[in-house]
$ cat data.cif   # mmCIF, C-alpha atoms
data_data
#
loop_
_atom_site.label_atom_id
_atom_site.label_comp_id
_atom_site.auth_asym_id
_atom_site.auth_seq_id
_atom_site.Cartn_x
_atom_site.Cartn_y
_atom_site.Cartn_z
CA MET A 1 136.23 112.11 112.40
CA ASP A 2 135.80 109.56 115.22
CA GLN A 3 132.76 107.31 115.76
CA ALA A 4 131.43 109.32 118.74
CA THR A 5 131.34 112.55 116.68
CA LEU A 6 129.66 110.73 113.79
CA ASP A 7 127.04 109.33 116.17
CA LEU A 8 126.35 112.83 117.51
CA ILE A 9 125.93 114.24 114.00
CA THR A 10 123.61 111.35 113.08
CA TYR A 11 121.62 111.97 116.27
CA ARG A 12 121.19 115.68 115.45
CA LEU A 13 120.38 114.97 111.80
CA SER A 14 117.61 112.56 112.86
CA TYR A 15 115.71 115.60 114.26
CA VAL A 16 116.18 117.51 111.00
CA TRP A 17 115.07 114.46 108.99
CA ALA A 18 111.98 114.05 111.22
CA ALA A 19 110.92 117.70 110.84
CA TYR A 20 111.36 117.80 107.05
CA SER A 21 109.68 114.40 106.63
CA VAL A 22 106.64 115.63 108.57
CA VAL A 23 106.35 118.62 106.22
CA MET A 24 106.82 116.61 103.03
CA ILE A 25 104.39 113.85 104.12
CA GLY A 26 101.83 116.48 105.23
CA LEU A 27 102.01 118.27 101.88
CA PHE A 28 101.85 115.01 99.92
CA VAL A 29 98.81 113.76 101.87
CA TYR A 30 97.04 117.11 101.42
CA LEU A 31 97.76 117.22 97.67
CA SER A 32 96.49 113.67 97.16
CA THR A 33 93.29 114.25 99.20
CA ILE A 34 92.52 117.52 97.41
CA GLY A 35 92.93 115.78 94.05
CA ARG A 36 90.60 112.97 95.15
CA ARG A 37 87.98 115.45 96.44
CA GLN A 38 88.11 117.36 93.17
CA ARG A 39 87.59 114.20 91.09
CA LYS A 40 84.70 113.05 93.34
CA LEU A 41 82.94 116.43 93.07
CA ALA A 42 83.37 116.51 89.27
CA GLN A 43 81.88 113.01 89.12
CA ASP A 44 78.88 114.04 91.30
CA ILE A 45 78.25 117.15 89.17
CA ASN A 46 78.35 115.10 85.95
CA LEU A 47 75.99 112.46 87.38
CA LEU A 48 73.48 115.11 88.48
CA ARG A 49 73.66 116.88 85.12
CA GLN A 50 73.09 113.61 83.29
CA ALA A 51 70.12 112.81 85.55
CA ILE A 52 68.61 116.26 84.82
CA GLU A 53 69.12 115.82 81.07
CA GLU A 54 67.47 112.38 81.11
CA LYS A 55 64.53 113.77 83.11
CA ARG A 56 64.05 116.53 80.53
CA LYS A 57 63.97 114.01 77.67
CA MET B 1 99.56 119.35 88.39
CA ASP B 2 97.04 118.85 85.62
CA PRO B 3 97.00 121.84 83.22
CA LYS B 4 93.41 121.03 82.22
CA ASP B 5 92.15 121.74 85.75
CA HIS B 6 93.01 125.38 86.30
CA GLY B 7 94.88 126.74 83.28
CA ARG B 8 98.51 127.23 82.38
CA GLY B 9 99.16 129.84 85.10
CA HIS B 10 98.33 127.36 87.84
CA PHE B 11 100.41 124.65 86.17
CA ALA B 12 103.41 127.01 85.90
CA LEU B 13 102.94 128.10 89.53
CA GLY B 14 103.14 124.47 90.66
CA TRP B 15 106.47 124.01 88.92
CA LEU B 16 107.71 127.37 90.20
CA ALA B 17 106.85 126.34 93.78
CA LEU B 18 108.63 123.00 93.29
CA ALA B 19 111.72 124.71 91.82
CA LEU B 20 111.79 127.25 94.68
CA LEU B 21 111.50 124.42 97.23
CA LEU B 22 114.52 122.72 95.65
CA VAL B 23 116.50 125.98 95.67
CA SER B 24 115.50 126.52 99.30
CA ALA B 25 116.66 122.98 100.19
CA PHE B 26 120.03 123.78 98.60
CA ALA B 27 120.20 127.13 100.45
CA ILE B 28 119.35 125.49 103.79
CA PHE B 29 121.62 122.45 103.59
CA ARG B 30 124.53 123.61 101.41
CA TYR B 31 124.63 127.42 101.47
CA ALA B 32 123.63 128.55 104.98
CA PRO B 33 126.38 128.07 107.60
CA LEU B 34 125.96 125.83 110.63
CA GLU B 35 124.64 127.64 113.70
CA LYS B 36 127.04 127.43 116.67
CA VAL B 37 124.67 126.30 119.45
CA MET B 38 122.00 124.13 117.79
CA LEU B 39 124.28 122.95 114.95
CA GLU B 40 122.36 120.82 112.37
CA VAL B 41 119.10 120.99 114.36
CA GLN B 42 118.86 124.74 113.65
CA LYS B 43 118.05 123.79 110.01
CA ILE B 44 114.49 123.03 111.24
CA PHE B 45 114.08 126.78 111.85
CA TYR B 46 113.87 127.56 108.08
CA VAL B 47 110.96 125.27 107.28
CA HIS B 48 109.24 126.07 110.60
CA VAL B 49 109.32 129.82 109.96
CA GLY B 50 108.47 129.33 106.26
CA VAL B 51 105.22 127.50 107.02
CA ALA B 52 104.42 129.69 110.07
CA TRP B 53 104.72 132.93 108.07
CA ASN B 54 102.46 131.53 105.37
CA ALA B 55 99.92 130.25 107.91
CA PHE B 56 99.63 133.85 109.15
CA LEU B 57 99.37 135.10 105.57
CA ALA B 58 96.62 132.54 104.89
CA PHE B 59 94.58 133.70 107.89
CA ALA B 60 95.07 137.36 106.92
CA VAL B 61 93.60 136.47 103.50
CA VAL B 62 90.70 134.70 105.29
CA CYS B 63 90.04 137.87 107.31
CA VAL B 64 90.12 140.21 104.27
CA ALA B 65 88.00 137.84 102.11
CA SER B 66 85.51 137.41 104.99
CA ILE B 67 85.11 141.19 105.37
CA ALA B 68 84.66 141.46 101.56
CA TYR B 69 82.02 138.70 101.65
CA LEU B 70 80.04 140.36 104.46
CA LYS B 71 80.11 143.64 102.49
CA THR B 72 79.26 142.30 99.03
CA LYS B 73 77.59 138.91 99.69
CA ASN B 74 79.51 137.67 96.64
CA ARG B 75 80.22 133.95 97.15
CA ARG B 76 83.57 134.20 95.35
CA TRP B 77 84.96 135.84 98.52
CA ASP B 78 83.63 132.94 100.58
CA VAL B 79 85.34 130.51 98.21
CA LEU B 80 88.66 132.36 98.67
CA ALA B 81 88.23 132.52 102.47
CA ALA B 82 87.44 128.80 102.80
CA ALA B 83 90.32 127.78 100.50
CA SER B 84 92.82 130.00 102.31
CA ALA B 85 91.60 128.77 105.72
CA GLU B 86 92.13 125.17 104.61
CA VAL B 87 95.74 125.81 103.53
CA GLY B 88 96.30 127.94 106.66
CA LEU B 89 95.09 125.07 108.82
CA LEU B 90 97.43 122.67 107.01
CA PHE B 91 100.39 125.03 107.53
CA THR B 92 99.49 125.58 111.21
CA THR B 93 99.41 121.79 111.66
CA LEU B 94 102.91 121.62 110.15
CA VAL B 95 104.09 124.42 112.49
CA LEU B 96 102.69 122.51 115.47
CA LEU B 97 104.45 119.33 114.32
CA THR B 98 107.86 120.76 113.42
CA GLY B 99 108.09 122.98 116.55
CA PRO B 100 108.04 120.06 119.02
CA VAL B 101 110.80 118.27 117.07
CA TRP B 102 113.02 121.33 117.62
CA GLY B 103 111.75 121.65 121.21
CA ARG B 104 112.63 118.04 122.02
CA PHE B 105 116.27 118.77 121.20
CA ALA B 106 116.46 122.32 122.61
CA TRP B 107 114.24 122.04 125.71
CA ASN B 108 114.27 118.25 126.17
CA THR B 109 110.47 118.17 125.94
CA TRP B 110 108.01 117.71 123.07
CA TRP B 111 105.55 120.27 124.40
CA THR B 112 105.43 123.06 126.95
CA TRP B 113 102.52 125.41 127.73
CA GLU B 114 104.61 128.38 126.66
CA PRO B 115 102.54 131.41 125.39
CA ARG B 116 103.48 131.17 121.68
CA LEU B 117 102.87 127.43 121.54
CA THR B 118 99.61 127.72 123.45
CA THR B 119 98.27 130.61 121.34
CA THR B 120 99.27 128.76 118.14
CA LEU B 121 97.38 125.69 119.35
CA ILE B 122 94.36 127.95 120.07
CA LEU B 123 94.64 129.28 116.47
CA TRP B 124 94.58 125.69 115.19
CA PHE B 125 91.42 124.95 117.23
CA ILE B 126 89.77 128.17 116.02
CA TYR B 127 90.17 127.13 112.38
CA VAL B 128 89.10 123.54 113.09
CA ALA B 129 85.92 125.11 114.54
CA TYR B 130 85.67 127.26 111.37
CA PHE B 131 85.37 124.07 109.30
CA LEU B 132 82.97 122.48 111.79
CA ILE B 133 80.71 125.52 111.28
CA ARG B 134 81.02 125.17 107.51
CA SER B 135 80.13 121.50 107.57
CA GLY B 136 77.28 122.04 110.06
CA VAL B 137 75.27 124.66 108.15
CA ALA B 138 73.58 123.54 104.92
CA GLU B 139 72.21 126.84 103.57
CA PRO B 140 75.11 128.36 101.54
CA HIS B 141 74.68 132.08 102.38
CA ARG B 142 74.09 131.43 106.08
CA ARG B 143 77.15 129.15 106.13
CA ALA B 144 79.24 131.79 104.37
CA SER B 145 78.09 134.60 106.71
CA LEU B 146 78.67 132.58 109.89
CA SER B 147 82.09 131.38 108.82
CA ALA B 148 83.05 134.90 107.68
CA VAL B 149 82.32 136.26 111.17
CA PHE B 150 84.31 133.39 112.67
CA GLY B 151 87.17 133.93 110.20
CA ILE B 152 87.46 137.60 111.20
CA ILE B 153 87.35 136.85 114.95
CA GLY B 154 89.82 133.97 114.52
CA PHE B 155 92.37 136.24 112.88
CA LEU B 156 92.58 138.29 116.11
CA ASP B 157 94.68 135.44 117.53
CA VAL B 158 97.48 136.06 114.98
CA PRO B 159 98.78 139.36 116.49
CA ILE B 160 98.40 137.76 119.95
CA ILE B 161 100.73 134.93 118.81
CA TYR B 162 103.20 137.44 117.40
CA PHE B 163 103.36 139.60 120.52
CA SER B 164 103.02 136.77 123.06
CA VAL B 165 106.67 135.81 122.81
CA ARG B 166 107.81 139.40 123.25
CA LEU B 167 105.59 139.92 126.29
CA TRP B 168 105.69 136.65 128.20
CA GLY B 169 107.40 133.86 126.31
CA SER B 170 110.48 131.70 126.34
CA HIS B 171 110.13 130.87 122.63
CA PRO B 172 113.27 132.03 120.77
CA ILE B 173 113.17 135.42 119.02
CA VAL B 174 115.43 135.59 115.99
CA LEU B 175 114.24 138.50 113.87
CA GLY B 176 113.00 141.94 114.91
CA LYS B 177 113.30 143.86 118.18
CA GLY B 178 114.91 141.80 120.94
CA GLY B 179 115.95 139.08 118.52
CA GLY B 180 119.36 137.44 118.34
CA GLY B 181 119.70 138.22 114.63
CA LEU B 182 120.81 136.00 111.75
CA HIS B 183 124.00 135.54 109.76
CA PRO B 184 123.42 137.20 106.31
CA MET B 185 123.67 133.82 104.54
CA MET B 186 121.15 132.31 106.97
CA LEU B 187 118.83 135.26 106.34
CA GLN B 188 119.10 134.72 102.58
CA ALA B 189 118.24 131.02 103.00
CA LEU B 190 115.27 132.00 105.18
CA ILE B 191 114.00 134.54 102.63
CA ILE B 192 114.21 131.95 99.81
CA THR B 193 112.36 129.40 101.99
CA VAL B 194 109.61 131.89 102.87
CA PHE B 195 109.19 132.71 99.15
CA ALA B 196 109.10 129.00 98.25
CA TYR B 197 106.33 128.32 100.78
CA THR B 198 104.47 131.47 99.67
CA ALA B 199 104.44 130.14 96.08
CA LEU B 200 103.25 126.80 97.46
CA TYR B 201 100.54 128.57 99.51
CA VAL B 202 99.22 130.33 96.38
CA TYR B 203 99.32 127.05 94.40
CA LEU B 204 97.50 125.06 97.10
CA THR B 205 94.94 127.85 97.64
CA GLN B 206 94.14 127.82 93.91
CA LYS B 207 93.62 124.05 94.11
CA ALA B 208 91.41 124.39 97.21
CA MET B 209 89.44 127.18 95.45
CA ALA B 210 88.72 124.81 92.54
CA VAL B 211 87.25 122.34 95.06
CA GLU B 212 85.18 125.08 96.74
CA ARG B 213 83.91 126.26 93.34
CA ALA B 214 82.88 122.69 92.48
CA LYS B 215 81.02 122.48 95.83
CA MET B 216 79.29 125.78 94.97
CA GLU B 217 78.28 124.40 91.56
CA LEU B 218 76.92 121.26 93.21
CA ASP B 219 74.96 123.42 95.70
CA GLU B 220 73.46 125.37 92.79
CA ILE B 221 72.43 122.23 90.90
CA LYS B 222 70.83 120.79 94.05
CA GLU B 223 69.06 124.12 94.68
CA GLY B 224 67.75 124.10 91.10
CA LEU B 225 66.50 120.54 91.53
CA ARG B 226 64.74 121.45 94.79
CA GLU B 227 63.05 124.45 93.17
CA GLY B 228 62.05 122.28 90.19
CA ALA B 229 60.52 119.68 92.51
CA GLN B 230 58.55 122.34 94.41
CA ALA B 231 57.18 124.00 91.22
#

$ encode --input "data.cif" --output "C-alpha cells"
Amino acid sequence: MDQATLDLITYRLSYVWAAYSVVMIGLFVYLSTIGRRQRKLAQDINLLRQAIEEKRK
Amino acid sequence: MDPKDHGRGHFALGWLALALLLVSAFAIFRYAPLEKVMLEVQKIFYVHVGVAWNAFLAFAVVCVASIAYLKTKNRRWDVLAAASAEVGLLFTTLVLLTGPVWGRFAWNTWWTWEPRLTTTLILWFIYVAYFLIRSGVAEPHRRASLSAVFGIIGFLDVPIIYFSVRLWGSHPIVLGKGGGGLHPMMLQALIITVFAYTALYVYLTQKAMAVERAKMELDEIKEGLREGAQA
C-alpha cells in the first residue's frame, strides 16, 4: 500500500475516531455527573435527617 | 456501577451493556464489510443510528409515563418520565454531534438546514425547555403536571422527524421504504449496536431514576419541615 492510500485511509478514519470519541466522552461525562449528583443528594438528605433528629432531642 | 446503589439487577445490566458495546465494536470494525462509497466513514452510521433509535425510544417512554402521571397523579411516573427525558436528551445531543461529522465528509459541510436535521434540533430544544420547566417550578405536583403536558406535546416531533426525510429531505434513507438497503452483515452489526445502546439506555435511565427519587425524598423532607414550622 503506497503512502497516498495510507494518508487517505488515515483521513477517513479520523472522522470515525471523532464520532466515536464524541459518543464515549459524552457517555463518560454523563455517568460521572450523575454519580456526583447522586452522592450530593444523599449527603443533603442525611444532613437534613440528622438536623431533624437533633431538633427532636 | 456500585451494587449497593440499585441492587444486583442494575449492576448486572451495567456489565451487560458494556459487554454488548464491546461486541458491537467488534461487529462494526471487524465483522461488517466496508461500504463501497463512504468506505470507513460509513462506520459512523452504526453508532449514529444506535443512539438515534434509543433517543426516540426514550421520548416514547416520556410520553407514555407522562400520560400515566396525568391519569394517576402517581409521582413514580413523573420520576420515570424525567429520567427517560434526561437520557433521551443526552442521546439526541450525541445524534446531533455525530451527524455533522458524517455530514462534513459526505456533504462537505458540518450543518445544513435539511428537514431531518432541523426537526431533530427542534426536538433537542423541546427537551431542553422540558428541563427548564422542571427547574422553574418548585411545587412538585404542579411541576410534574406541567412537564407531563410538555413531554406529551414534545413527543409529537418524533414522527415528524421520521417522516420528514421521506417527504422533503436529502438525509440518506437506509432502511424501510425508499431506502438503499443494507448488506446482511451490516444489518447484523446494526442490530447488535441498537441492542447495546438499548441496554445502555435502560441502565442510564435506572441511574437517573435513582437521582429523581432522591430529589423526591428531599422534597418530602423539606415539605415535612415546612409543615412542622407552620404547626

$ closest_atom_pairs --input "data.cif" --of "chain B" --to "chain A" --cutoff "10 Å" --atoms "only C-alpha atoms" --output "Markdown table"
| residue | atom | partner | partner_atom | distance |
| --- | --- | --- | --- | --- |
| B:Met1 | CA | A:Gly35 | CA | 9.4 |
| B:Asp2 | CA | A:Gly35 | CA | 9.9 |
| B:Asp5 | CA | A:Gln38 | CA | 9.5 |
| B:Met38 | CA | A:Arg12 | CA | 8.8 |
| B:Leu39 | CA | A:Arg12 | CA | 7.9 |
| B:Glu40 | CA | A:Arg12 | CA | 6.1 |
| B:Val41 | CA | A:Val16 | CA | 5.7 |
| B:Gln42 | CA | A:Val16 | CA | 8.2 |
| B:Lys43 | CA | A:Val16 | CA | 6.6 |
| B:Ile44 | CA | A:Val16 | CA | 5.8 |
| B:Phe45 | CA | A:Val16 | CA | 9.5 |
| B:Val47 | CA | A:Tyr20 | CA | 7.5 |
| B:His48 | CA | A:Ala19 | CA | 8.5 |
| B:Val51 | CA | A:Val23 | CA | 9.0 |
| B:Glu86 | CA | A:Tyr30 | CA | 10.0 |
| B:Val87 | CA | A:Tyr30 | CA | 9.0 |
| B:Leu90 | CA | A:Gly26 | CA | 7.8 |
| B:Phe91 | CA | A:Val23 | CA | 8.9 |
| B:Thr93 | CA | A:Gly26 | CA | 8.7 |
| B:Leu94 | CA | A:Val23 | CA | 6.0 |
| B:Val95 | CA | A:Val23 | CA | 8.8 |
| B:Leu97 | CA | A:Val22 | CA | 7.2 |
| B:Thr98 | CA | A:Ala19 | CA | 5.0 |
| B:Gly99 | CA | A:Ala19 | CA | 8.3 |
| B:Pro100 | CA | A:Ala19 | CA | 9.0 |
| B:Val101 | CA | A:Tyr15 | CA | 6.3 |
| B:Trp102 | CA | A:Tyr15 | CA | 7.2 |
| B:Arg104 | CA | A:Tyr15 | CA | 8.7 |
| B:Phe105 | CA | A:Tyr15 | CA | 7.7 |
| B:Leu200 | CA | A:Leu27 | CA | 9.7 |
| B:Leu204 | CA | A:Leu31 | CA | 7.9 |
| B:Lys207 | CA | A:Ile34 | CA | 7.4 |
| B:Ala208 | CA | A:Ile34 | CA | 7.0 |
| B:Ala210 | CA | A:Gln38 | CA | 7.5 |
| B:Val211 | CA | A:Gln38 | CA | 5.4 |
| B:Glu212 | CA | A:Gln38 | CA | 9.0 |
| B:Arg213 | CA | A:Gln38 | CA | 9.8 |
| B:Ala214 | CA | A:Leu41 | CA | 6.3 |
| B:Lys215 | CA | A:Leu41 | CA | 6.9 |
| B:Glu217 | CA | A:Ile45 | CA | 7.6 |
| B:Leu218 | CA | A:Ile45 | CA | 5.9 |
| B:Asp219 | CA | A:Ile45 | CA | 9.6 |
| B:Ile221 | CA | A:Leu48 | CA | 7.6 |
| B:Lys222 | CA | A:Leu48 | CA | 8.4 |
| B:Leu225 | CA | A:Ile52 | CA | 8.2 |

$ resolve_selection --input "data.cif" --expression "the PyMOL selection byres ((chain B and resi 78) around 10)" --output "PDB file with C-alpha atoms, in the coordinates of the input"
ATOM      1  CA  VAL B  62      90.700 134.700 105.290  1.00  0.00           C
ATOM      2  CA  ALA B  65      88.000 137.840 102.110  1.00  0.00           C
ATOM      3  CA  SER B  66      85.510 137.410 104.990  1.00  0.00           C
ATOM      4  CA  ILE B  67      85.110 141.190 105.370  1.00  0.00           C
ATOM      5  CA  ALA B  68      84.660 141.460 101.560  1.00  0.00           C
ATOM      6  CA  TYR B  69      82.020 138.700 101.650  1.00  0.00           C
ATOM      7  CA  LEU B  70      80.040 140.360 104.460  1.00  0.00           C
ATOM      8  CA  LYS B  73      77.590 138.910  99.690  1.00  0.00           C
ATOM      9  CA  ASN B  74      79.510 137.670  96.640  1.00  0.00           C
ATOM     10  CA  ARG B  75      80.220 133.950  97.150  1.00  0.00           C
ATOM     11  CA  ARG B  76      83.570 134.200  95.350  1.00  0.00           C
ATOM     12  CA  TRP B  77      84.960 135.840  98.520  1.00  0.00           C
ATOM     13  CA  VAL B  79      85.340 130.510  98.210  1.00  0.00           C
ATOM     14  CA  LEU B  80      88.660 132.360  98.670  1.00  0.00           C
ATOM     15  CA  ALA B  81      88.230 132.520 102.470  1.00  0.00           C
ATOM     16  CA  ALA B  82      87.440 128.800 102.800  1.00  0.00           C
ATOM     17  CA  ALA B  83      90.320 127.780 100.500  1.00  0.00           C
ATOM     18  CA  SER B  84      92.820 130.000 102.310  1.00  0.00           C
ATOM     19  CA  PRO B 140      75.110 128.360 101.540  1.00  0.00           C
ATOM     20  CA  HIS B 141      74.680 132.080 102.380  1.00  0.00           C
ATOM     21  CA  ARG B 143      77.150 129.150 106.130  1.00  0.00           C
ATOM     22  CA  ALA B 144      79.240 131.790 104.370  1.00  0.00           C
ATOM     23  CA  SER B 145      78.090 134.600 106.710  1.00  0.00           C
ATOM     24  CA  SER B 147      82.090 131.380 108.820  1.00  0.00           C
ATOM     25  CA  ALA B 148      83.050 134.900 107.680  1.00  0.00           C
ATOM     26  CA  MET B 209      89.440 127.180  95.450  1.00  0.00           C
ATOM     27  CA  GLU B 212      85.180 125.080  96.740  1.00  0.00           C
ATOM     28  CA  ARG B 213      83.910 126.260  93.340  1.00  0.00           C
TER      29      ARG B 213
END

$ atom_distance --input "data.cif" --atom1 "atom CA of A:Thr33" --atom2 "atom CA of B:Thr205"
13.8 Å

$ atom_distance --input "data.cif" --atom1 "atom CA of B:Phe26" --atom2 "atom CA of B:Gly14"
18.7 Å

$ resolve_selection --input "data.cif" --expression "the PyMOL selection byres ((chain B and resi 185) around 12)" --output "CSV table (one decimal) with C-alpha atoms, keeping the file's coordinate frame"
chain,number,residue,atom,x,y,z
B,27,ALA,CA,120.2,127.1,100.4
B,28,ILE,CA,119.4,125.5,103.8
B,29,PHE,CA,121.6,122.4,103.6
B,30,ARG,CA,124.5,123.6,101.4
B,31,TYR,CA,124.6,127.4,101.5
B,32,ALA,CA,123.6,128.6,105.0
B,33,PRO,CA,126.4,128.1,107.6
B,34,LEU,CA,126.0,125.8,110.6
B,35,GLU,CA,124.6,127.6,113.7
B,181,GLY,CA,119.7,138.2,114.6
B,182,LEU,CA,120.8,136.0,111.8
B,183,HIS,CA,124.0,135.5,109.8
B,184,PRO,CA,123.4,137.2,106.3
B,186,MET,CA,121.2,132.3,107.0
B,187,LEU,CA,118.8,135.3,106.3
B,188,GLN,CA,119.1,134.7,102.6
B,189,ALA,CA,118.2,131.0,103.0
B,190,LEU,CA,115.3,132.0,105.2
B,191,ILE,CA,114.0,134.5,102.6
B,192,ILE,CA,114.2,132.0,99.8

$ atom_distance --input "data.cif" --atom1 "atom CA of B:Thr109" --atom2 "atom CA of B:Ser24"
28.4 Å

$ closest_residue --input "data.cif" --among "B:Gly154, B:Pro115, B:Gly9, B:Gly224" --to "B:Tyr127" --atoms "all atoms listed in the file"
B:Gly154
